[in-house]
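Structure file work-v7.tsv (TSV, C-alpha atoms) follows.
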chain	number	residue	atom	x	y	z
A	1	MET	CA	0.00	0.00	0.00
A	2	SER	CA	1.51	3.23	-1.12
A	3	VAL	CA	1.25	6.40	0.94
A	4	GLN	CA	1.00	9.67	-0.92
A	5	SER	CA	2.62	12.65	0.70
A	6	PRO	CA	0.66	15.94	0.68
A	7	ALA	CA	1.48	18.37	-2.02
A	8	PRO	CA	3.81	21.11	-0.86
A	9	GLU	CA	2.23	24.52	-0.40
A	10	ARG	CA	3.12	27.07	-2.98
A	11	VAL	CA	4.95	29.93	-1.39
A	12	ALA	CA	4.94	33.18	-3.29
A	13	PRO	CA	8.40	34.50	-3.95
A	14	GLN	CA	9.51	37.32	-1.74
A	15	GLY	CA	8.38	40.70	-3.03
A	16	ALA	CA	5.65	39.27	-5.27
A	17	PRO	CA	2.08	40.65	-4.75
A	18	ARG	CA	-0.17	38.42	-2.72
A	19	ALA	CA	-3.34	37.09	-4.24
A	20	PRO	CA	-6.43	39.01	-3.04
A	21	ARG	CA	-8.46	37.26	-0.38
A	22	ARG	CA	-12.08	36.57	-1.07
A	23	VAL	CA	-14.44	38.50	1.19
A	24	GLY	CA	-17.09	36.36	2.76
A	25	PHE	CA	-20.77	37.17	2.88
A	26	SER	CA	-20.68	37.88	6.62
A	27	GLN	CA	-17.93	40.45	6.13
A	28	ARG	CA	-19.87	42.12	3.33
A	29	LEU	CA	-22.96	42.16	5.52
A	30	SER	CA	-20.95	43.77	8.31
A	31	ARG	CA	-19.71	46.49	5.93
A	32	TRP	CA	-23.24	47.14	4.69
A	33	ASP	CA	-24.41	47.35	8.28
A	34	VAL	CA	-21.82	50.00	9.09
A	35	LYS	CA	-22.66	52.03	5.99
A	36	LEU	CA	-26.45	51.70	5.92
A	37	SER	CA	-27.42	51.51	9.60
A	38	PRO	CA	-27.14	55.27	10.31
A	39	TYR	CA	-29.45	56.02	7.38
A	40	LEU	CA	-31.95	53.41	8.54
A	41	TYR	CA	-31.94	54.86	12.05
A	42	ILE	CA	-32.82	58.37	10.84
A	43	SER	CA	-35.15	57.26	8.06
A	44	PRO	CA	-38.35	57.32	10.21
A	45	PHE	CA	-38.07	61.08	10.56
A	46	PHE	CA	-37.72	61.62	6.82
A	47	ILE	CA	-40.54	59.19	6.07
A	48	LEU	CA	-42.88	60.99	8.45
A	49	PHE	CA	-41.74	64.34	7.09
A	50	ALA	CA	-42.48	63.20	3.54
A	51	ILE	CA	-45.97	62.07	4.56
A	52	THR	CA	-46.96	64.92	6.87
A	53	GLY	CA	-44.85	67.77	5.49
A	54	LEU	CA	-43.59	67.35	1.96
A	55	PHE	CA	-46.71	65.80	0.45
A	56	PRO	CA	-49.08	68.50	1.83
A	57	LEU	CA	-46.70	71.15	0.54
A	58	ILE	CA	-46.69	69.71	-2.98
A	59	TYR	CA	-50.44	69.09	-2.91
A	60	THR	CA	-51.04	72.70	-1.80
A	61	ALA	CA	-49.03	73.87	-4.81
A	62	TYR	CA	-51.24	71.69	-7.01
A	63	VAL	CA	-54.41	73.17	-5.49
A	64	SER	CA	-53.10	76.74	-5.87
A	65	VAL	CA	-53.10	76.51	-9.69
A	66	HIS	CA	-56.67	75.20	-9.96
A	67	GLN	CA	-60.12	76.53	-9.36
A	68	TRP	CA	-61.00	74.82	-6.09
A	69	SER	CA	-64.01	75.90	-4.06
A	70	LEU	CA	-64.96	74.65	-0.63
A	71	LEU	CA	-68.29	73.24	-1.80
A	72	GLY	CA	-67.75	72.53	-5.50
A	73	GLY	CA	-64.35	70.90	-5.23
A	74	GLN	CA	-61.69	70.87	-7.97
A	75	GLY	CA	-62.22	72.91	-11.11
A	76	ASP	CA	-60.18	73.85	-14.17
A	77	TYR	CA	-56.49	74.59	-14.32
A	78	ILE	CA	-56.01	78.40	-14.16
A	79	GLY	CA	-52.26	78.77	-13.68
A	80	PHE	CA	-51.27	81.69	-11.44
A	81	GLN	CA	-54.68	83.34	-11.49
A	82	ASN	CA	-55.19	82.63	-7.77
A	83	PHE	CA	-51.94	84.41	-6.95
A	84	THR	CA	-52.99	87.39	-9.08
A	85	ASP	CA	-56.34	87.53	-7.30
A	86	ILE	CA	-54.89	87.61	-3.80
A	87	PHE	CA	-52.29	90.21	-4.79
A	88	ALA	CA	-55.15	92.40	-6.00
A	89	GLN	CA	-56.93	92.25	-2.64
A	90	PRO	CA	-56.01	95.04	-0.18
A	91	ALA	CA	-56.78	92.71	2.73
A	92	PHE	CA	-53.80	90.53	1.79
A	93	TRP	CA	-51.31	93.39	1.97
A	94	ARG	CA	-52.93	94.62	5.17
A	95	SER	CA	-52.49	91.17	6.69
A	96	LEU	CA	-48.81	91.14	5.72
A	97	ARG	CA	-48.33	94.52	7.38
A	98	ASN	CA	-50.03	93.31	10.54
A	99	THR	CA	-48.02	90.07	10.55
A	100	PHE	CA	-44.67	91.82	10.32
A	101	SER	CA	-45.68	94.40	12.92
A	102	ILE	CA	-46.73	91.77	15.46
A	103	PHE	CA	-43.65	89.68	14.59
A	104	LEU	CA	-41.25	92.53	15.33
A	105	LEU	CA	-43.06	93.52	18.53
A	106	SER	CA	-42.94	89.95	19.81
A	107	SER	CA	-39.85	88.16	18.53
A	108	VAL	CA	-37.23	90.86	19.18
A	109	PRO	CA	-38.15	91.56	22.84
A	110	GLN	CA	-38.83	87.87	23.36
A	111	VAL	CA	-35.29	86.80	22.44
A	112	LEU	CA	-33.65	89.60	24.43
A	113	VAL	CA	-35.69	88.99	27.58
A	114	ALA	CA	-35.21	85.23	27.28
A	115	ILE	CA	-31.42	85.64	27.27
A	116	VAL	CA	-31.55	87.83	30.37
A	117	ILE	CA	-33.83	85.40	32.21
A	118	ALA	CA	-31.58	82.49	31.26
A	119	ALA	CA	-28.54	84.38	32.58
A	120	LEU	CA	-30.33	84.97	35.89
A	121	LEU	CA	-31.35	81.31	36.16
A	122	ASP	CA	-27.76	80.29	35.46
A	123	GLN	CA	-26.63	81.90	38.70
A	124	ASN	CA	-26.33	80.13	42.02
A	125	LEU	CA	-29.95	80.51	43.12
A	126	ARG	CA	-31.86	78.70	45.80
A	127	ALA	CA	-34.60	76.36	44.58
A	128	LYS	CA	-33.29	76.36	41.01
A	129	THR	CA	-35.76	73.75	39.84
A	130	PHE	CA	-38.70	75.78	41.11
A	131	TRP	CA	-37.68	78.92	39.22
A	132	ARG	CA	-36.85	77.01	36.04
A	133	MET	CA	-40.19	75.24	36.07
A	134	GLY	CA	-41.90	78.52	36.84
A	135	VAL	CA	-40.76	80.18	33.63
A	136	LEU	CA	-42.10	77.21	31.66
A	137	LEU	CA	-45.64	77.36	33.11
A	138	PRO	CA	-46.95	79.99	30.63
A	139	TYR	CA	-46.00	77.68	27.77
A	140	VAL	CA	-48.18	74.92	29.23
A	141	VAL	CA	-51.28	77.14	29.32
A	142	ALA	CA	-53.55	76.62	26.31
A	143	PRO	CA	-53.46	79.42	23.70
A	144	VAL	CA	-57.24	79.84	23.92
A	145	ALA	CA	-57.05	80.40	27.66
A	146	VAL	CA	-54.24	82.91	27.21
A	147	GLY	CA	-56.26	84.74	24.56
A	148	LEU	CA	-59.35	84.91	26.73
A	149	ILE	CA	-57.41	86.17	29.76
A	150	PHE	CA	-55.46	88.79	27.83
A	151	GLY	CA	-58.55	89.78	25.89
A	152	ARG	CA	-60.20	90.70	29.20
A	153	MET	CA	-57.08	92.40	30.50
A	154	PHE	CA	-56.83	94.56	27.37
A	155	ALA	CA	-60.55	95.34	27.21
A	156	ASP	CA	-61.27	98.87	26.00
A	157	GLN	CA	-63.66	99.89	28.78
A	158	SER	CA	-63.22	97.72	31.85
A	159	GLY	CA	-59.87	96.08	31.28
A	160	LEU	CA	-57.23	95.68	33.96
A	161	ILE	CA	-54.60	97.51	31.90
A	162	ASN	CA	-56.79	100.56	31.29
A	163	GLY	CA	-57.80	100.53	34.96
A	164	ALA	CA	-54.14	100.69	35.97
A	165	LEU	CA	-53.48	103.47	33.46
A	166	GLY	CA	-56.47	105.43	34.78
A	167	PHE	CA	-55.05	105.18	38.30
A	168	PHE	CA	-52.05	107.18	37.07
A	169	GLY	CA	-54.24	109.66	35.19
A	170	ILE	CA	-53.60	108.26	31.72
A	171	ASP	CA	-56.46	108.11	29.25
A	172	PRO	CA	-57.68	104.60	28.37
A	173	ILE	CA	-56.21	103.01	25.25
A	174	ARG	CA	-58.49	101.53	22.62
A	175	TRP	CA	-56.81	98.14	22.41
A	176	HIS	CA	-59.41	96.67	20.06
A	177	VAL	CA	-59.67	99.73	17.81
A	178	ASP	CA	-56.21	101.19	17.22
A	179	ALA	CA	-53.95	99.06	15.04
A	180	LEU	CA	-50.69	99.62	16.95
A	181	ALA	CA	-52.35	99.10	20.33
A	182	SER	CA	-53.89	95.81	19.20
A	183	HIS	CA	-50.51	94.67	17.87
A	184	VAL	CA	-48.89	95.43	21.23
A	185	ALA	CA	-51.60	93.49	23.06
A	186	ILE	CA	-51.27	90.45	20.81
A	187	ALA	CA	-47.47	90.60	20.98
A	188	SER	CA	-47.70	90.59	24.77
A	189	MET	CA	-49.63	87.32	24.57
A	190	VAL	CA	-46.98	85.79	22.34
A	191	ASN	CA	-44.19	86.95	24.65
A	192	PHE	CA	-46.03	85.59	27.69
A	193	ARG	CA	-46.22	82.11	26.17
A	194	TRP	CA	-42.82	81.74	24.50
A	195	THR	CA	-40.31	83.78	26.51
A	196	GLY	CA	-39.89	81.15	29.23
A	197	TYR	CA	-39.62	78.36	26.67
A	198	ASN	CA	-36.79	80.13	24.85
A	199	ALA	CA	-35.18	81.02	28.18
A	200	LEU	CA	-34.80	77.32	29.01
A	201	ILE	CA	-33.18	76.70	25.62
A	202	PHE	CA	-30.68	79.49	26.31
A	203	LEU	CA	-30.15	78.14	29.83
A	204	ALA	CA	-29.24	74.71	28.47
A	205	ALA	CA	-26.67	76.35	26.18
A	206	MET	CA	-25.24	78.42	29.04
A	207	GLN	CA	-24.87	75.31	31.18
A	208	ALA	CA	-22.59	73.84	28.50
A	209	VAL	CA	-20.16	76.79	28.59
A	210	PRO	CA	-16.85	75.71	30.21
A	211	ARG	CA	-16.65	77.12	33.73
A	212	GLU	CA	-12.90	77.65	33.53
A	213	LEU	CA	-13.58	80.53	31.15
A	214	TYR	CA	-15.48	82.35	33.87
A	215	GLU	CA	-12.78	81.52	36.41
A	216	ALA	CA	-10.12	83.00	34.14
A	217	ALA	CA	-12.28	86.09	33.57
A	218	ILE	CA	-12.69	86.57	37.33
A	219	ILE	CA	-8.92	86.36	37.75
A	220	ASP	CA	-8.55	89.05	35.08
A	221	GLY	CA	-10.95	91.25	37.04
A	222	ALA	CA	-13.97	91.02	34.71
A	223	GLY	CA	-17.35	91.70	36.29
A	224	ARG	CA	-20.63	89.90	35.71
A	225	VAL	CA	-21.70	92.18	32.89
A	226	ARG	CA	-18.36	91.86	31.10
A	227	GLN	CA	-18.46	88.09	31.48
A	228	PHE	CA	-21.96	88.01	30.02
A	229	PHE	CA	-21.04	89.96	26.88
A	230	SER	CA	-17.51	88.60	26.42
A	231	ILE	CA	-18.01	84.93	27.29
A	232	THR	CA	-21.66	83.92	27.50
A	233	ILE	CA	-22.98	85.57	24.35
A	234	PRO	CA	-20.11	84.42	22.07
A	235	GLN	CA	-20.32	80.86	23.41
A	236	ILE	CA	-24.07	80.49	22.74
A	237	ARG	CA	-24.13	82.06	19.28
A	238	ALA	CA	-25.31	78.83	17.65
A	239	THR	CA	-28.24	78.63	20.07
A	240	ILE	CA	-29.11	82.26	19.40
A	241	ILE	CA	-29.23	81.51	15.67
A	242	PHE	CA	-31.54	78.56	16.31
A	243	VAL	CA	-33.92	80.54	18.52
A	244	VAL	CA	-34.00	83.47	16.09
A	245	LEU	CA	-34.91	81.15	13.21
A	246	THR	CA	-37.62	79.32	15.14
A	247	SER	CA	-39.04	82.60	16.46
A	248	THR	CA	-39.13	83.96	12.92
A	249	ILE	CA	-41.01	80.94	11.60
A	250	GLY	CA	-43.46	80.98	14.49
A	251	GLY	CA	-43.94	84.75	14.43
A	252	LEU	CA	-44.82	84.83	10.74
A	253	GLN	CA	-47.33	81.98	11.18
A	254	ILE	CA	-49.14	83.42	14.21
A	255	PHE	CA	-52.80	82.45	14.30
A	256	ASP	CA	-54.11	81.53	17.76
A	257	GLU	CA	-53.57	84.84	19.54
A	258	PRO	CA	-55.22	87.15	16.97
A	259	ARG	CA	-57.99	84.60	16.43
A	260	VAL	CA	-59.12	84.66	20.07
A	261	PHE	CA	-58.35	88.32	20.79
A	262	ASP	CA	-62.05	89.15	20.36
A	263	GLU	CA	-65.26	87.17	20.18
A	264	ALA	CA	-65.69	87.46	16.40
A	265	GLY	CA	-62.20	86.19	15.54
A	266	ARG	CA	-62.11	88.13	12.26
A	267	GLY	CA	-59.05	90.28	12.94
A	268	GLY	CA	-60.95	93.36	14.05
A	269	SER	CA	-63.75	95.42	12.55
A	270	SER	CA	-61.31	97.06	10.13
A	271	GLN	CA	-58.95	94.06	9.97
A	272	GLN	CA	-56.46	96.03	12.03
A	273	TRP	CA	-54.89	92.91	13.54
A	274	MET	CA	-55.69	90.30	10.88
A	275	THR	CA	-52.54	88.28	10.22
A	276	THR	CA	-51.73	86.38	7.03
A	277	THR	CA	-52.72	83.02	8.49
A	278	LEU	CA	-55.99	84.53	9.71
A	279	TYR	CA	-56.53	85.95	6.22
A	280	LEU	CA	-55.80	82.48	4.79
A	281	TYR	CA	-58.48	81.00	7.06
A	282	ASP	CA	-60.97	83.67	5.97
A	283	VAL	CA	-60.25	83.05	2.27
A	284	GLY	CA	-60.59	79.28	2.50
A	285	TRP	CA	-63.29	78.75	5.11
A	286	GLY	CA	-64.71	82.22	5.75
A	287	THR	CA	-66.30	84.71	3.41
A	288	GLN	CA	-64.69	83.65	0.10
A	289	ARG	CA	-64.60	79.85	0.58
A	290	ASN	CA	-62.02	79.49	-2.16
A	291	LEU	CA	-59.46	76.78	-1.39
A	292	GLY	CA	-57.42	77.60	-4.49
A	293	ARG	CA	-56.77	81.14	-3.29
A	294	ALA	CA	-56.15	79.88	0.23
A	295	ALA	CA	-53.51	77.50	-1.12
A	296	ALA	CA	-51.94	80.40	-3.01
A	297	VAL	CA	-51.79	82.44	0.22
A	298	ALA	CA	-50.18	79.48	1.98
A	299	TRP	CA	-47.48	79.20	-0.67
A	300	VAL	CA	-46.77	82.93	-0.62
A	301	LEU	CA	-46.42	82.79	3.15
A	302	PHE	CA	-44.14	79.75	2.85
A	303	LEU	CA	-41.84	81.59	0.42
A	304	ILE	CA	-41.77	84.66	2.69
A	305	VAL	CA	-40.81	82.52	5.68
A	306	VAL	CA	-38.05	80.79	3.68
A	307	VAL	CA	-36.59	84.08	2.43
A	308	ILE	CA	-36.64	85.77	5.83
A	309	GLY	CA	-35.27	82.62	7.45
A	310	PHE	CA	-32.29	82.61	5.08
A	311	VAL	CA	-31.71	86.33	5.66
A	312	ASN	CA	-31.74	85.83	9.44
A	313	PHE	CA	-29.42	82.84	9.12
A	314	ALA	CA	-26.98	84.77	6.92
A	315	ILE	CA	-26.90	87.76	9.25
A	316	THR	CA	-26.51	85.78	12.46
A	317	ASN	CA	-23.99	83.42	10.87
A	318	ARG	CA	-21.87	86.35	9.69
A	319	ILE	CA	-21.98	87.85	13.17
A	320	SER	CA	-21.01	84.48	14.60
A	321	THR	CA	-18.04	83.94	12.27
A	322	SER	CA	-16.79	87.50	12.70
A	323	GLY	CA	-16.76	87.11	16.46
A	324	ALA	CA	-15.31	83.62	16.51
A	325	ASP	CA	-11.70	84.73	16.02
A	326	ARG	CA	-11.97	87.38	18.72
A	327	THR	CA	-13.56	84.87	21.08
A	328	THR	CA	-10.81	82.30	20.46
A	329	THR	CA	-8.07	84.86	21.08
A	330	ARG	CA	-9.76	86.08	24.25
A	331	THR	CA	-10.21	82.53	25.50
A	332	ARG	CA	-6.54	81.70	24.99
A	333	ARG	CA	-5.50	84.82	26.93
A	334	GLN	CA	-7.82	83.92	29.78
A	335	ARG	CA	-6.46	80.37	29.95
A	336	ARG	CA	-2.88	81.66	30.00
A	337	ALA	CA	-3.80	84.04	32.80
A	338	ALA	CA	-5.38	81.20	34.78
A	339	ALA	CA	-2.27	79.05	34.28
A	340	ARG	CA	0.04	81.88	35.45
A	341	SER	CA	-2.09	82.48	38.52
A	342	SER	CA	-2.08	78.78	39.44
A	343	ARG	CA	1.71	78.65	39.12
A	344	ARG	CA	2.12	81.73	41.33
A	345	SER	CA	-0.17	80.30	44.01
A	346	ALA	CA	1.75	77.00	43.90
Encoding of this model in structure tokens:
Amino acid sequence: MSVQSPAPERVAPQGAPRAPRRVGFSQRLSRWDVKLSPYLYISPFFILFAITGLFPLIYTAYVSVHQWSLLGGQGDYIGFQNFTDIFAQPAFWRSLRNTFSIFLLSSVPQVLVAIVIAALLDQNLRAKTFWRMGVLLPYVVAPVAVGLIFGRMFADQSGLINGALGFFGIDPIRWHVDALASHVAIASMVNFRWTGYNALIFLAAMQAVPRELYEAAIIDGAGRVRQFFSITIPQIRATIIFVVLTSTIGGLQIFDEPRVFDEAGRGGSSQQWMTTTLYLYDVGWGTQRNLGRAAAVAWVLFLIVVVIGFVNFAITNRISTSGADRTTTRTRRQRRAAARSSRRSA
């Protein structure tokens, strides 16, 4: 019986390229898992956005170029006739004026006051949780309840605000008649609901600021005000950009507060506080009952929000990048000063 010896293994000569190894299916599956898993994890958001956000947006554009009444349904294709019709209505331009007026009276003070409140809550206070929850309570209150309460407070004849003004000898203000007065009253409702919410967002950003920066600033002799403007504000610029953008979007889409400011909910007898969203509601489900024009108003408002959002982002981003170099230089100086002080004390 003969015994065959195994064939000798072929050894590649030194310096010769090795033959490529075949990748198994499990290894390929592992690579696909690494590459595709992150996209699968975030896909539910984009799927829901496509269903609840993108599809309604596209469908609204489709409705805006057709005759589409509330009772009769879809009609003929008319192109941009709905846009031409709303541009020809003075009520549309009046609603835009009211929207921007209320937006400026609410968003600008809201962001400034929220930053100040957040800076106060960031201090070493007693019962921190109580105060932080307290500023969030107005956000929990329903918008209808806020509108009813403030509507009574800003009543023309027997309101609390006019009663307080009369105590100081000031004539009562016609909150439901004068355009500017009604805008101030509605803006106060918006500020009441959203200032505390934005303050907590700023507070979370301030909590993430490195504390050694403040310690170095104290060693350099900087006071609280100087620390706020030289350290806190530059470090939370990204959060400020976020809050400004969200406040812009929400301020241009305001509906609840002007809707419940009086019993009729029509934006005033002369439409002195009718916003664009309130005008959209009136066009689609109010006096005109024209869903095609209402869709056109919605798309015009969407484009306005996008344009103003990009403008705000560009301005705040430029401010952020211009101050980044100065902030970095200042931070390095403060860290060097803290290191020198620690060495001297040692």
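Shortest separation to Ile78 in chain A among A:Val63, A:Val144, A:Val111, A:Ile51 occurs at residue A:Val63, atoms counted being all atoms listed in the file.
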| field | Which of A:Phe100, A:Gly151, A:Phe167, A:Pro143 sits closest to Ile304 in chain A [using only C-alpha atoms] | value |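 Nearest to Ile304 in chain A: A:Phe100.
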| task | Compile the contact shell of range 255-257 of chain A as a ChimeraX atom specification: residues with an atom at most 9 Å away, counting all atoms listed in the file, same-chain residues fewer than 2 positions apart removed. | result | /A:143-144,146-147,186-187,189-190,253,259-261,275-278
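Closest approach to Asp178 in chain A among A:Asp220, A:Ala238, A:Ser270, A:Met133: A:Ser270, based on only C-alpha atoms.
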| query | Which of these residues is nearest to Ala61 in chain A, using only C-alpha atoms: A:Leu36, A:Val244, A:Ala295, A:Leu104? | reply | A:Ala295
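Proximity to Asp122 in chain A was assessed for A:Phe202, A:Trp299, A:Tyr62, A:Phe80 counting all atoms listed in the file; the smallest distance is recorded for A:Phe202.
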| task | Pick out the residues sitting within 9 Å of range 152-163 of chain A, and hand them over as a VMD selection string; count only C-alpha atoms, and ignore anything fewer than 3 positions along from it in its own chain. | result | chain A and resid 147 to 149 166 to 167 170 to 177 182 185 261
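Closest approach to Arg97 in chain A among A:Val283, A:Ile47, A:Ile117, A:Ala179: A:Ala179, based on only C-alpha atoms.
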| message | Please return as a VMD selection string every residue within 9 Å of (-46.4, 82.9, 34.8), taking into account all atoms listed in the file and the file's own coordinates. | response | chain A and resid 134 to 139 192 to 193 196
| task | Work out how far apart CA of Ala294 in chain A and CA of Trp93 in chain A are and give it in Å to one decimal. | result | 14.5 Å
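In this structure, CA of Phe310 in chain A sits 16.4 Å away from CA of Arg237 in chain A.
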